[in-house]
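Q: So here's structure24.txt, just compact mmCIF, C-alpha atoms and all ligand atoms:
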# COMPACT_ATOMS: atom_id res chain seq x y z
CA MET A 5 102.07 95.17 111.75
CA GLU A 6 98.35 95.52 112.44
CA ASP A 7 98.64 99.15 113.53
CA LEU A 8 99.93 100.44 110.21
CA GLN A 9 97.08 102.58 108.86
CA GLN A 10 97.93 103.72 105.40
CA ARG A 11 96.60 105.89 102.64
CA CYS A 12 97.52 105.06 99.06
CA PRO A 13 100.42 107.27 97.87
CA LYS A 14 99.00 107.14 94.33
CA CYS A 15 95.31 108.00 94.81
CA GLY A 16 94.69 108.47 98.57
CA GLY A 17 92.47 105.36 98.81
CA GLU A 18 92.32 102.99 101.78
CA MET A 19 95.24 100.52 102.04
CA ARG A 20 94.21 97.04 103.25
CA GLN A 21 96.74 94.65 104.82
CA GLY A 22 97.43 91.30 103.19
CA VAL A 23 100.27 88.92 102.48
CA GLN A 24 101.89 87.82 99.23
CA VAL A 25 102.27 84.05 98.94
CA TYR A 26 103.84 81.43 96.73
CA ARG A 27 101.33 78.75 95.72
CA ASP A 28 102.39 75.14 95.19
CA GLU A 29 99.27 73.13 94.28
CA ALA A 30 97.09 73.30 97.44
CA ASN A 31 99.80 74.82 99.67
CA TYR A 32 100.43 78.51 100.26
CA TYR A 33 103.78 79.80 101.53
CA PRO A 34 104.53 83.37 102.67
CA LEU A 35 107.11 85.37 100.75
CA TYR A 36 110.08 86.76 102.70
CA TRP A 37 112.43 89.67 102.21
CA VAL A 38 116.08 88.53 102.02
CA GLU A 39 118.97 90.98 101.97
CA GLY A 40 121.36 91.16 99.05
CA GLU A 41 121.45 90.20 95.39
CA PRO A 42 119.90 86.86 94.30
CA VAL A 43 122.65 84.21 94.05
CA LYS A 44 121.73 80.75 92.78
CA ARG A 45 122.95 77.81 94.85
CA VAL A 46 125.42 75.43 93.23
CA PHE A 47 124.93 71.75 94.23
CA LEU A 48 127.22 68.99 92.94
CA GLY A 49 128.41 71.34 90.22
CA PHE A 50 124.91 72.21 89.00
CA THR A 51 123.25 75.60 89.31
CA GLY A 52 119.50 75.42 89.91
CA MET A 53 116.77 77.92 90.72
CA ASN A 54 117.27 77.51 94.49
CA LEU A 55 118.86 80.61 96.01
CA ASP A 56 121.87 80.58 98.33
CA ILE A 57 120.81 82.78 101.28
CA ASP A 58 123.12 81.37 103.97
CA GLY A 59 123.92 83.97 106.65
CA ARG A 60 121.59 86.62 105.25
CA GLN A 61 118.91 88.57 107.08
CA ILE A 62 115.43 87.13 106.39
CA LEU A 63 112.27 89.02 107.34
CA GLU A 64 108.56 88.36 107.11
CA THR A 65 106.65 90.88 105.03
CA ALA A 66 103.25 92.53 105.07
CA THR A 67 101.80 93.92 101.87
CA PHE A 68 99.14 96.59 101.67
CA LYS A 69 96.78 96.93 98.69
CA CYS A 70 94.85 100.02 97.72
CA SER A 71 91.10 99.30 97.62
CA ASP A 72 90.65 101.81 94.81
CA CYS A 73 93.57 101.53 92.35
CA GLY A 74 95.20 98.21 93.40
CA PHE A 75 98.64 99.69 94.20
CA LEU A 76 100.76 97.31 96.35
CA GLU A 77 103.23 98.43 99.04
CA SER A 78 105.26 95.98 101.15
CA TYR A 79 106.94 96.30 104.55
CA ALA A 80 109.47 93.92 106.11
CA ALA A 81 109.87 93.50 109.87
ZN ZN B 101 95.33 103.86 95.16
Do you think you could lay out the structure here as structure tokens?
Ligand SMILES: [Zn+2]

A:
Amino acid sequence: MEDLQQRCPKCGGEMRQGVQVYRDEANYYPLYWVEGEPVKRVFLGFTGMNLDIDGRQILETATFKCSDCGFLESYAA
């Protein structure tokens, strides 16, 4: 995704590539795009926060941020 050169659709500023992450103490995990509605997984009769994504398409994402206004725009590939 390095060749995507973007201009901000809001203000025309320069869009810089980055990645959105989930932080768990000192660890950083990339966020993914997953197709479909969020469905919580049921385990031993209990519904937790863990999502059931079995059989779904999962893609890495790249997020661009405008250097001027801070607008974020994400792409999945
Ligand atoms: Zn902008």

Q: Determine the nearest neighbour of Lys14 of chain A from the options A:Ser78, A:Tyr26, A:Cys70, A:Ile62, counting only C-alpha atoms.

A: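 Ranking A:Ser78, A:Tyr26, A:Cys70, A:Ile62 by distance to Lys14 of chain A, first place goes to A:Cys70.
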
Q: Grab me every residue within 12 Å of ligand ZN 101 (chain B), counting only C-alpha atoms and all ligand atoms, and send it over as a PyMOL selection string.

A: chain A and resi 10-20+68-77

Q: One decimal, Å: what's the distance from atom CA of Pro34 of chain A over to atom CA of Leu55 of chain A, could you say?

A: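 Atom CA of Leu55 of chain A lies at a distance of 16.0 Å from atom CA of Pro34 of chain A.
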
Q: Find the distance between atom CA of Phe47 of chain A and atom CA of Leu35 of chain A and write it in Å to one decimal.

A: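 It comes out at 23.4 Å.
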
Q: Could you please determine the separation between atom CA of Glu39 of chain A and atom CA of Thr65 of chain A in Å, to one decimal place?

A: 12.7 Å

Q: Compare A:Ala80, A:Phe50, A:Val23, A:Ala66 by their minimum atom-to-atom distance to Val38 of chain A, counting all atoms listed in the file, and give me the closest one.

A: A:Ala80

Q: Taking (121.5, 82.6, 93.7) in the file's coordinates, which residues come within 12 Å, counting all atoms listed in the file, written as an MDAnalysis selection string?

A: chainID A and resid 38 40:47 50:58
